Structure formats: C-alpha cells, structure tokens
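> Structure file my_file-v7.txt, compact mmCIF, C-alpha atoms and all ligand atoms, is pasted below:
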```txt
# COMPACT_ATOMS: atom_id res chain seq x y z
CA MET A 171 99.36 -22.29 63.97
CA LYS A 172 96.01 -20.50 63.95
CA LYS A 173 94.73 -18.89 67.16
CA VAL A 174 90.95 -19.06 66.83
CA PHE A 175 89.08 -22.28 66.09
CA ILE A 176 85.40 -22.36 65.18
CA PHE A 177 83.60 -25.70 65.39
CA LEU A 178 80.66 -26.17 63.11
CA GLY A 179 78.44 -29.24 62.97
CA PRO A 180 74.96 -30.52 63.80
CA PRO A 181 73.78 -31.27 67.35
CA GLY A 182 75.57 -34.32 68.71
CA SER A 183 78.25 -34.39 66.01
CA GLY A 184 80.96 -34.43 68.70
CA LYS A 185 82.00 -30.79 68.90
CA GLY A 186 82.06 -30.66 72.70
CA THR A 187 83.89 -33.98 73.02
CA GLN A 188 86.71 -32.91 70.71
CA THR A 189 86.91 -29.23 71.68
CA SER A 190 87.44 -29.97 75.35
CA ARG A 191 90.37 -32.23 74.41
CA LEU A 192 91.75 -29.58 72.09
CA SER A 193 91.44 -26.95 74.79
CA ASP A 194 93.61 -29.08 77.12
CA LYS A 195 96.11 -29.81 74.36
CA LEU A 196 96.54 -26.18 73.24
CA SER A 197 95.99 -24.58 76.67
CA ILE A 198 93.46 -22.15 75.28
CA PRO A 199 89.87 -21.83 76.56
CA HIS A 200 86.92 -23.77 75.22
CA VAL A 201 84.17 -21.22 74.73
CA ASP A 202 80.94 -23.18 74.39
CA THR A 203 77.87 -20.93 74.01
CA GLY A 204 75.48 -23.77 74.91
CA SER A 205 77.25 -24.35 78.26
CA LEU A 206 77.52 -20.62 78.97
CA LEU A 207 73.79 -20.22 78.36
CA ARG A 208 72.93 -23.28 80.49
CA LYS A 209 75.05 -21.82 83.31
CA ASN A 210 73.04 -18.60 83.10
CA ILE A 211 69.83 -20.63 83.30
CA GLN A 212 71.14 -22.53 86.31
CA ASP A 213 72.12 -19.27 88.03
CA ASN A 214 68.71 -17.79 87.16
CA THR A 215 70.25 -14.64 85.62
CA GLU A 216 68.19 -12.24 83.48
CA LEU A 217 70.04 -13.56 80.46
CA GLY A 218 69.28 -17.14 81.46
CA LYS A 219 65.58 -16.34 81.84
CA ILE A 220 65.46 -15.16 78.23
CA ALA A 221 67.55 -18.06 76.90
CA LYS A 222 65.58 -20.86 78.58
CA GLY A 223 62.47 -20.77 76.40
CA TYR A 224 64.53 -20.89 73.21
CA ILE A 225 66.81 -23.72 74.34
CA ASP A 226 63.84 -25.80 75.50
CA LYS A 227 62.29 -25.43 72.05
CA GLY A 228 65.52 -26.15 70.15
CA GLN A 229 65.63 -22.66 68.69
CA LEU A 230 68.44 -20.12 68.52
CA VAL A 231 68.64 -17.73 71.44
CA PRO A 232 68.38 -14.09 70.18
CA ILE A 233 71.60 -12.74 68.77
CA GLU A 234 71.78 -9.81 71.24
CA VAL A 235 71.91 -12.27 74.15
CA VAL A 236 74.50 -14.57 72.59
CA SER A 237 76.69 -11.70 71.37
CA GLU A 238 76.74 -10.25 74.87
CA VAL A 239 77.77 -13.61 76.36
CA ILE A 240 80.51 -14.09 73.76
CA LYS A 241 81.89 -10.58 73.88
CA ASP A 242 82.08 -10.70 77.63
CA ARG A 243 83.88 -14.07 77.54
CA LEU A 244 86.41 -13.16 74.81
CA GLN A 245 87.57 -10.10 76.73
CA LYS A 246 88.82 -12.22 79.63
CA ASP A 247 92.57 -12.55 80.19
CA ASP A 248 92.69 -16.25 79.33
CA CYS A 249 91.52 -15.48 75.75
CA GLN A 250 94.51 -13.33 74.86
CA ASN A 251 96.42 -16.18 73.16
CA GLY A 252 93.49 -17.68 71.31
CA TYR A 253 90.32 -19.69 71.96
CA ILE A 254 88.04 -22.40 70.67
CA LEU A 255 84.49 -21.43 69.72
CA ASP A 256 82.06 -24.32 70.05
CA GLY A 257 78.55 -23.47 68.86
CA PHE A 258 79.18 -19.87 67.83
CA PRO A 259 78.60 -18.49 65.26
CA ARG A 260 75.42 -20.37 64.36
CA SER A 261 74.04 -18.17 61.57
CA ILE A 262 75.36 -15.80 58.92
CA GLU A 263 74.13 -12.94 61.11
CA GLN A 264 76.17 -14.28 64.05
CA ALA A 265 79.25 -14.64 61.81
CA GLN A 266 78.91 -10.95 61.02
CA ALA A 267 78.57 -10.23 64.75
CA LEU A 268 81.74 -12.25 65.39
CA LYS A 269 83.58 -10.20 62.78
CA ASP A 270 82.49 -7.04 64.58
CA ILE A 271 83.49 -8.42 67.98
CA LEU A 272 86.93 -9.44 66.65
CA ALA A 273 87.37 -5.98 65.11
CA SER A 274 86.48 -4.30 68.40
CA LEU A 275 88.91 -6.50 70.36
CA ASP A 276 91.58 -5.81 67.71
CA LYS A 277 93.55 -9.00 68.29
CA PHE A 278 92.55 -11.69 65.75
CA THR A 279 90.76 -11.71 62.39
CA LEU A 280 88.63 -14.38 60.71
CA LYS A 281 90.74 -14.40 57.57
CA ASP A 282 94.23 -14.58 59.04
CA ASP A 283 93.93 -16.19 62.46
CA THR A 284 90.94 -18.50 62.26
CA LEU A 285 90.13 -22.04 61.16
CA ALA A 286 86.52 -23.23 60.90
CA ILE A 287 86.29 -26.99 61.35
CA TYR A 288 83.15 -28.67 60.08
CA PHE A 289 82.00 -32.05 61.43
CA ASP A 290 80.35 -33.96 58.62
CA ILE A 291 77.85 -36.62 59.73
CA ASP A 292 74.38 -37.96 58.99
CA ASN A 293 71.55 -36.72 61.28
CA GLU A 294 69.97 -40.10 62.02
CA VAL A 295 73.08 -41.38 63.85
CA LEU A 296 72.93 -38.27 65.99
CA ILE A 297 69.51 -38.69 67.59
CA GLN A 298 70.76 -41.84 69.35
CA ARG A 299 73.93 -40.06 70.44
CA LEU A 300 71.94 -37.20 71.95
CA ILE A 301 69.40 -39.31 73.79
CA ASN A 302 72.21 -41.35 75.34
CA ARG A 303 74.44 -38.42 76.28
CA ARG A 304 75.17 -37.77 79.95
CA SER A 305 77.53 -35.15 81.33
CA CYS A 306 79.20 -34.22 84.55
CA PRO A 307 77.69 -31.04 86.07
CA LYS A 308 80.95 -30.42 87.96
CA CYS A 309 83.84 -30.92 85.49
CA GLY A 310 81.88 -30.98 82.21
CA THR A 311 83.15 -34.37 80.97
CA ILE A 312 80.82 -35.78 78.31
CA TYR A 313 79.81 -39.46 78.22
CA ASN A 314 77.54 -41.64 76.15
CA LEU A 315 75.70 -44.62 77.61
CA ILE A 316 76.32 -46.59 74.40
CA SER A 317 79.54 -45.39 72.78
CA ASN A 318 81.47 -43.86 75.68
CA PRO A 319 80.05 -45.02 79.03
CA PRO A 320 81.47 -44.04 82.43
CA LYS A 321 83.27 -46.83 84.34
CA ILE A 322 80.65 -46.73 87.09
CA MET A 323 77.13 -46.25 85.74
CA ASP A 324 75.90 -42.66 86.21
CA TYR A 325 79.06 -41.37 87.94
CA CYS A 326 81.88 -39.25 86.50
CA ASP A 327 85.20 -41.10 86.04
CA ILE A 328 87.14 -37.95 86.84
CA CYS A 329 85.39 -36.45 89.89
CA ASP A 330 82.84 -39.07 90.95
CA THR A 331 79.91 -36.63 90.62
CA LYS A 332 76.49 -37.99 89.60
CA LEU A 333 75.98 -37.44 85.87
CA THR A 334 73.06 -35.45 84.48
CA GLN A 335 71.11 -35.41 81.23
CA ARG A 336 70.52 -32.17 79.32
CA LYS A 337 66.86 -31.12 79.21
CA ASP A 338 67.06 -30.57 75.42
CA ASP A 339 68.36 -34.12 74.82
CA ASN A 340 64.95 -35.66 74.18
CA GLU A 341 63.84 -36.81 70.74
CA GLN A 342 61.33 -34.01 70.12
CA THR A 343 63.69 -31.14 71.02
CA ALA A 344 66.60 -32.86 69.25
CA ARG A 345 64.58 -32.94 66.01
CA ALA A 346 63.75 -29.25 66.41
CA ARG A 347 67.48 -28.55 66.92
CA PHE A 348 68.28 -30.31 63.63
CA GLU A 349 65.70 -28.19 61.82
CA THR A 350 67.19 -25.03 63.30
CA TYR A 351 70.65 -26.23 62.31
CA GLU A 352 69.65 -26.87 58.68
CA LYS A 353 67.90 -23.54 58.33
CA GLU A 354 70.20 -21.20 60.24
CA THR A 355 73.60 -22.81 60.68
CA ALA A 356 74.25 -24.98 57.61
CA PRO A 357 74.71 -21.90 55.34
CA LEU A 358 77.88 -21.10 57.31
CA TYR A 359 79.59 -23.99 55.52
CA GLU A 360 79.65 -22.00 52.26
CA TYR A 361 80.39 -18.77 54.11
CA PHE A 362 83.58 -20.14 55.67
CA LYS A 363 84.51 -21.97 52.47
CA GLN A 364 84.37 -18.69 50.55
CA LEU A 365 86.66 -17.15 53.14
CA GLY A 366 89.11 -20.01 52.58
CA ILE A 367 89.17 -21.00 56.25
CA LEU A 368 86.99 -24.14 56.20
CA ARG A 369 88.34 -27.63 56.96
CA GLU A 370 86.23 -30.80 57.12
CA ILE A 371 86.29 -33.90 59.29
CA LYS A 372 84.26 -37.06 58.79
CA ALA A 373 82.59 -37.32 62.19
CA ASP A 374 81.01 -40.79 61.93
CA LYS A 375 84.18 -42.48 63.24
CA PRO A 376 85.34 -43.42 66.74
CA ILE A 377 86.24 -40.51 69.02
CA SER A 378 89.97 -41.43 68.98
CA GLU A 379 90.13 -41.41 65.16
CA ILE A 380 88.43 -38.03 64.92
CA TRP A 381 90.90 -36.71 67.48
CA GLU A 382 93.82 -37.84 65.27
CA ASP A 383 92.27 -36.13 62.21
CA LEU A 384 91.66 -32.99 64.23
CA LYS A 385 95.25 -32.77 65.51
CA GLN A 386 96.52 -33.17 61.98
CA ILE A 387 94.41 -30.25 60.75
CA VAL A 388 95.24 -28.01 63.69
CA PHE A 389 99.00 -28.61 63.69
CA GLU A 390 99.43 -28.66 59.90
CA GLU A 391 98.26 -25.08 59.48
P1 LIG B 401 74.74 -26.59 72.26
O1 LIG B 401 74.98 -26.94 73.67
O2 LIG B 401 75.84 -25.99 71.50
O3 LIG B 401 74.21 -27.89 71.51
P2 LIG B 401 74.38 -28.44 69.99
O4 LIG B 401 74.94 -27.55 68.99
O5 LIG B 401 73.01 -28.95 69.72
O6 LIG B 401 75.46 -29.49 70.09
P3 LIG B 401 75.61 -30.55 71.21
O7 LIG B 401 76.28 -29.94 72.39
O8 LIG B 401 74.28 -31.21 71.44
O9 LIG B 401 76.51 -31.63 70.50
P4 LIG B 401 78.09 -31.72 70.33
O10 LIG B 401 78.40 -31.57 68.89
O11 LIG B 401 78.80 -30.83 71.29
O12 LIG B 401 78.30 -33.24 70.70
P5 LIG B 401 79.00 -33.95 71.98
O13 LIG B 401 80.47 -33.88 71.86
O14 LIG B 401 78.38 -33.52 73.26
O15 LIG B 401 73.47 -25.64 72.16
C1 LIG B 401 72.29 -25.92 72.87
C2 LIG B 401 71.27 -24.83 72.64
O16 LIG B 401 71.79 -23.57 73.12
C3 LIG B 401 70.89 -24.54 71.18
O17 LIG B 401 69.88 -25.42 70.73
C4 LIG B 401 70.43 -23.09 71.26
O18 LIG B 401 69.12 -23.00 71.75
C5 LIG B 401 71.38 -22.49 72.29
N1 LIG B 401 72.59 -21.91 71.65
C6 LIG B 401 73.87 -22.36 71.76
N2 LIG B 401 74.72 -21.60 71.03
C7 LIG B 401 73.94 -20.63 70.46
C8 LIG B 401 74.20 -19.57 69.56
N3 LIG B 401 75.45 -19.34 69.11
N4 LIG B 401 73.17 -18.80 69.16
C9 LIG B 401 71.91 -19.01 69.60
N5 LIG B 401 71.58 -20.03 70.43
C10 LIG B 401 72.58 -20.82 70.86
O19 LIG B 401 78.58 -35.49 71.68
C11 LIG B 401 77.22 -35.90 71.73
C12 LIG B 401 77.14 -37.34 72.27
O20 LIG B 401 77.78 -38.21 71.34
C13 LIG B 401 77.88 -37.56 73.60
O21 LIG B 401 77.17 -38.50 74.35
C14 LIG B 401 79.26 -38.11 73.18
O22 LIG B 401 79.83 -38.96 74.18
C15 LIG B 401 78.90 -38.89 71.92
N6 LIG B 401 79.96 -38.91 70.91
C16 LIG B 401 80.80 -37.87 70.58
N7 LIG B 401 81.61 -38.23 69.58
C17 LIG B 401 81.28 -39.51 69.24
C18 LIG B 401 81.77 -40.44 68.27
N8 LIG B 401 82.75 -40.11 67.43
N9 LIG B 401 81.20 -41.66 68.20
C19 LIG B 401 80.17 -42.01 69.04
N10 LIG B 401 79.68 -41.18 70.01
C20 LIG B 401 80.22 -39.94 70.10
MG MG B 402 78.18 -29.40 72.75
```
Would you give me this structure, written as structure tokens?
Ligand code: AP5
Ligand code: MG


Amino acid sequence: MKKVFIFLGPPGSGKGTQTSRLSDKLSIPHVDTGSLLRKNIQDNTELGKIAKGYIDKGQLVPIEVVSEVIKDRLQKDDCQNGYILDGFPRSIEQAQALKDILASLDKFTLKDDTLAIYFDIDNEVLIQRLINRRSCPKCGTIYNLISNPPKIMDYCDICDTKLTQRKDDNEQTARARFETYEKETAPLYEYFKQLGILREIKADKPISEIWEDLKQIVFEE
C-alpha cells in the first residue's frame, strides 16, 4: 500500500469528510492545510496574520507560508509511516515545493509512494454543501445541515461542543474559492496523471458510497 495520499478536488467536494475517516482507518495523520492555517489565525500567530486576508478572500495563501506549515508538520514523529495531504499541493508550484520537501526529508517520493485522489463533482452542488457546513471546533467532526446533520441541532455528536461555521463558507467567498481552484489547482489533475499516480472518484454520491470507493482504491494499490 502507498504511504502518502494527496486529496485533490474543489471546495466542498468532501475531502475533509473522507480524509478524516481514512486517517482513523490507516492510523496515519490527516494533514489539512486549511485547518492548520485556521489554527494559526485563531492563535493569532505571525503566520496566521498573513494567511487571514487570503483565506477571507478565497485566494491561495503565499507559497512560502504554506510550505513552512507543511514542512514543519511532515517532520513530526507521527508522519514517519505516511500521511494524508488534504488541500496541499494546490498549484503546480506547490507540487514542485512538495517534491523538494519530500527530497529533503528523504523518506517518500511522489512517484513510488504516493497516490493522488481526485474528487470529481459539479461546482453548483458544492455551493449548497459549503453554506450548510458546520464543524466542531473541538474534535473537527464535519456536519452538514442538509445531508449530514448532527443528532442535536448545532451540537457535536461526539463531544457535545457547539458547532461553528467557517468564515469563508458564505456564497461570495465560496465562488471566489471556485475561481481560485479552476485557475490554480485544476491543472494538477494533468500533472498527477502524467506522473501515473492519479485516481478518480465520483464525488456526487452519498458519503458512505464514496468511502467504499475510496477504500477500494487505497487497499488495491
Ligand atoms: P480548505 O480548508 O482546504 O478548503 P477547501 O479546499 O475550499 O475545501 P473544503 O474544506 O471547503 O471542502 P472539503 O472538500 O474538505 O469538503 P468537506 O468534507 O468539508 O482551504 C481553505 C482556504 O485555506 C483556501 O481557500 C486558501 O485560502 C487556504 N489554503 C488551504 N490550503 C492551501 C494551500 N495549500 N495553499 C494556499 N492556500 C491554502 O465537505 C463539505 C460539506 O459537504 C460538509 O458539510 C459535509 O458534511 C458535506 N458533504 C461531504 N461529502 C458529502 C457527500 N458525499 N454528500 C453530501 N454532502 C457531503
Ligand atoms: Mg476541507
């Protein structure tokens, strides 16, 4: 089985929902650049101060900031047996940066140890998903008021914490995120295909069906 998993797909396509399950299943960390950046914003770090303006506008945070966050995270002990990258890389330039980071860590390579899994879905479905997303600030569980509601409205099923809504989950910022995705991130599809490491999942199905497809891809390799 491969050791590094890259999840590629537009905002709201279900990357976070499936990667947190996969992280539990494989016992390897879920490295989600969006969450790492939001944590920096919450903690008011220098890095977070830079990232905030970009996230609020639905734009990519500068590569120097993201590369620093990723490199720092991948050096931790829990990443020695593999990891799941959710939301990184997000441009050809970031894919090159990832290659460099992997080379410097000297543990895994894109070509031999990595699978890039692309979530294929139409954008219009996704706006509704994003606007209705809520998540638990304590344990990170993701809900949806329409498709995946908590048992008690506004409270986490797992830890009973009051759910929150991401600031960038409004229609205007969501549309900007789609534009950024098309311009910067979509070209990675061909990039990973050329490398022979791309797999695709139809992501307009129920969460449980996507999970079955995902397990098949991950365990078949
Ligand atoms: P990030 O946090 O990564 O956001 P994103 O890519 O826009 O993706 P999302 O987290 O919104 O969606 P998801 O695919 O994880 O979907 P989820 O599973 O939650 O990035 C945010 C920002 O940070 C970026 O805009 C950028 O500014 C910055 N950033 C991050 N990484 C960066 C990088 N590498 N470089 C530069 N900047 C970076 O599901 C969404 C909703 O749908 C939920 O409510 C869920 O319950 C529901 N749902 C999930 N699956 C299904 C299903 N099958 N059917 C119905 N509903 C479903
Ligand atoms: Mg996510």

> Counting all atoms listed in the file, which protein, DNA or RNA residues come within 10 Å of ligand MG 402 (chain B), given as a PyMOL selection string?

chain A and resi 177+179-190+202-205+256-257+312

> Please write the residues from the selection above to a file, keeping C-alpha atoms, as a CSV table (one decimal), keeping the file's coordinate frame.


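File written: again_8.csv
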```csv
chain,number,residue,atom,x,y,z
A,177,PHE,CA,83.6,-25.7,65.4
A,179,GLY,CA,78.4,-29.2,63.0
A,180,PRO,CA,75.0,-30.5,63.8
A,181,PRO,CA,73.8,-31.3,67.4
A,182,GLY,CA,75.6,-34.3,68.7
A,183,SER,CA,78.2,-34.4,66.0
A,184,GLY,CA,81.0,-34.4,68.7
A,185,LYS,CA,82.0,-30.8,68.9
A,186,GLY,CA,82.1,-30.7,72.7
A,187,THR,CA,83.9,-34.0,73.0
A,188,GLN,CA,86.7,-32.9,70.7
A,189,THR,CA,86.9,-29.2,71.7
A,190,SER,CA,87.4,-30.0,75.4
A,202,ASP,CA,80.9,-23.2,74.4
A,203,THR,CA,77.9,-20.9,74.0
A,204,GLY,CA,75.5,-23.8,74.9
A,205,SER,CA,77.2,-24.4,78.3
A,256,ASP,CA,82.1,-24.3,70.0
A,257,GLY,CA,78.6,-23.5,68.9
A,312,ILE,CA,80.8,-35.8,78.3
```

> Pick out the residues sitting within 12 Å of A:Arg191, and hand them over as a PDB file with C-alpha atoms, in the coordinates of the input; count only C-alpha atoms, and ignore anything fewer than 3 positions along from it in its own chain.


```
ATOM      1  CA  GLY A 184      80.960 -34.430  68.700  1.00  0.00           C
ATOM      2  CA  LYS A 185      82.000 -30.790  68.900  1.00  0.00           C
ATOM      3  CA  GLY A 186      82.060 -30.660  72.700  1.00  0.00           C
ATOM      4  CA  THR A 187      83.890 -33.980  73.020  1.00  0.00           C
ATOM      5  CA  GLN A 188      86.710 -32.910  70.710  1.00  0.00           C
ATOM      6  CA  ASP A 194      93.610 -29.080  77.120  1.00  0.00           C
ATOM      7  CA  LYS A 195      96.110 -29.810  74.360  1.00  0.00           C
ATOM      8  CA  LEU A 196      96.540 -26.180  73.240  1.00  0.00           C
ATOM      9  CA  SER A 197      95.990 -24.580  76.670  1.00  0.00           C
ATOM     10  CA  ILE A 198      93.460 -22.150  75.280  1.00  0.00           C
ATOM     11  CA  PRO A 199      89.870 -21.830  76.560  1.00  0.00           C
ATOM     12  CA  HIS A 200      86.920 -23.770  75.220  1.00  0.00           C
ATOM     13  CA  ILE A 254      88.040 -22.400  70.670  1.00  0.00           C
ATOM     14  CA  GLY A 310      81.880 -30.980  82.210  1.00  0.00           C
ATOM     15  CA  THR A 311      83.150 -34.370  80.970  1.00  0.00           C
ATOM     16  CA  ILE A 312      80.820 -35.780  78.310  1.00  0.00           C
ATOM     17  CA  ILE A 377      86.240 -40.510  69.020  1.00  0.00           C
ATOM     18  CA  SER A 378      89.970 -41.430  68.980  1.00  0.00           C
ATOM     19  CA  ILE A 380      88.430 -38.030  64.920  1.00  0.00           C
ATOM     20  CA  TRP A 381      90.900 -36.710  67.480  1.00  0.00           C
ATOM     21  CA  GLU A 382      93.820 -37.840  65.270  1.00  0.00           C
ATOM     22  CA  LEU A 384      91.660 -32.990  64.230  1.00  0.00           C
ATOM     23  CA  LYS A 385      95.250 -32.770  65.510  1.00  0.00           C
TER      24      LYS A 385
END
```

> Out of A:Ile211, A:Ile328, A:Ile225, A:Leu296, which residue has the shortest atom-to-atom distance to ligand LIG 401 (chain B) when counting all atoms listed in the file?

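Answer, going by the shortest atom-to-atom distance: A:Ile225.
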
> Closest to A:Asp292 among A:Leu217, A:Ala373, A:Tyr253, A:Leu207, using only C-alpha atoms?

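Ranked by minimum distance to A:Asp292, first place goes to A:Ala373.
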
> Name the closest residue to A:Asn314 among the candidates A:Arg347, A:Asp339, A:Cys329, A:Asn251; distances are taken between atoms, counting all atoms listed in the file.

A:Asp339

> Can you report as JSON the centre and edge lengths in Å, to one decimal, of an axis-aligned box around the listed atoms of ligand LIG 401 (chain B) padded with 8 Å on each side?


```
{"center_x": 75.9, "center_y": -30.4, "center_z": 70.9, "size_x": 29.6, "size_y": 39.2, "size_z": 22.9}
```

> Restricting the calculation to all atoms listed in the file: of A:Gln229, A:Gln298, A:Gln364, A:Ser261, which residue gets closest to ligand LIG 401 (chain B)?

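Among the listed residues, the smallest separation from ligand LIG 401 (chain B) belongs to A:Gln229.
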
> What lies within 9 Å of A:Leu315 using only C-alpha atoms, ignoring chain neighbours under 3 positions off, as a PDB file with C-alpha atoms, in the coordinates of the input?


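Contents of selection26.pdb, as written:
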```
ATOM      1  CA  ARG A 299      73.930 -40.060  70.440  1.00  0.00           C
ATOM      2  CA  ASN A 302      72.210 -41.350  75.340  1.00  0.00           C
ATOM      3  CA  ARG A 303      74.440 -38.420  76.280  1.00  0.00           C
ATOM      4  CA  ARG A 304      75.170 -37.770  79.950  1.00  0.00           C
ATOM      5  CA  ASN A 318      81.470 -43.860  75.680  1.00  0.00           C
ATOM      6  CA  PRO A 319      80.050 -45.020  79.030  1.00  0.00           C
ATOM      7  CA  PRO A 320      81.470 -44.040  82.430  1.00  0.00           C
ATOM      8  CA  MET A 323      77.130 -46.250  85.740  1.00  0.00           C
ATOM      9  CA  ASP A 324      75.900 -42.660  86.210  1.00  0.00           C
TER      10      ASP A 324
END
```
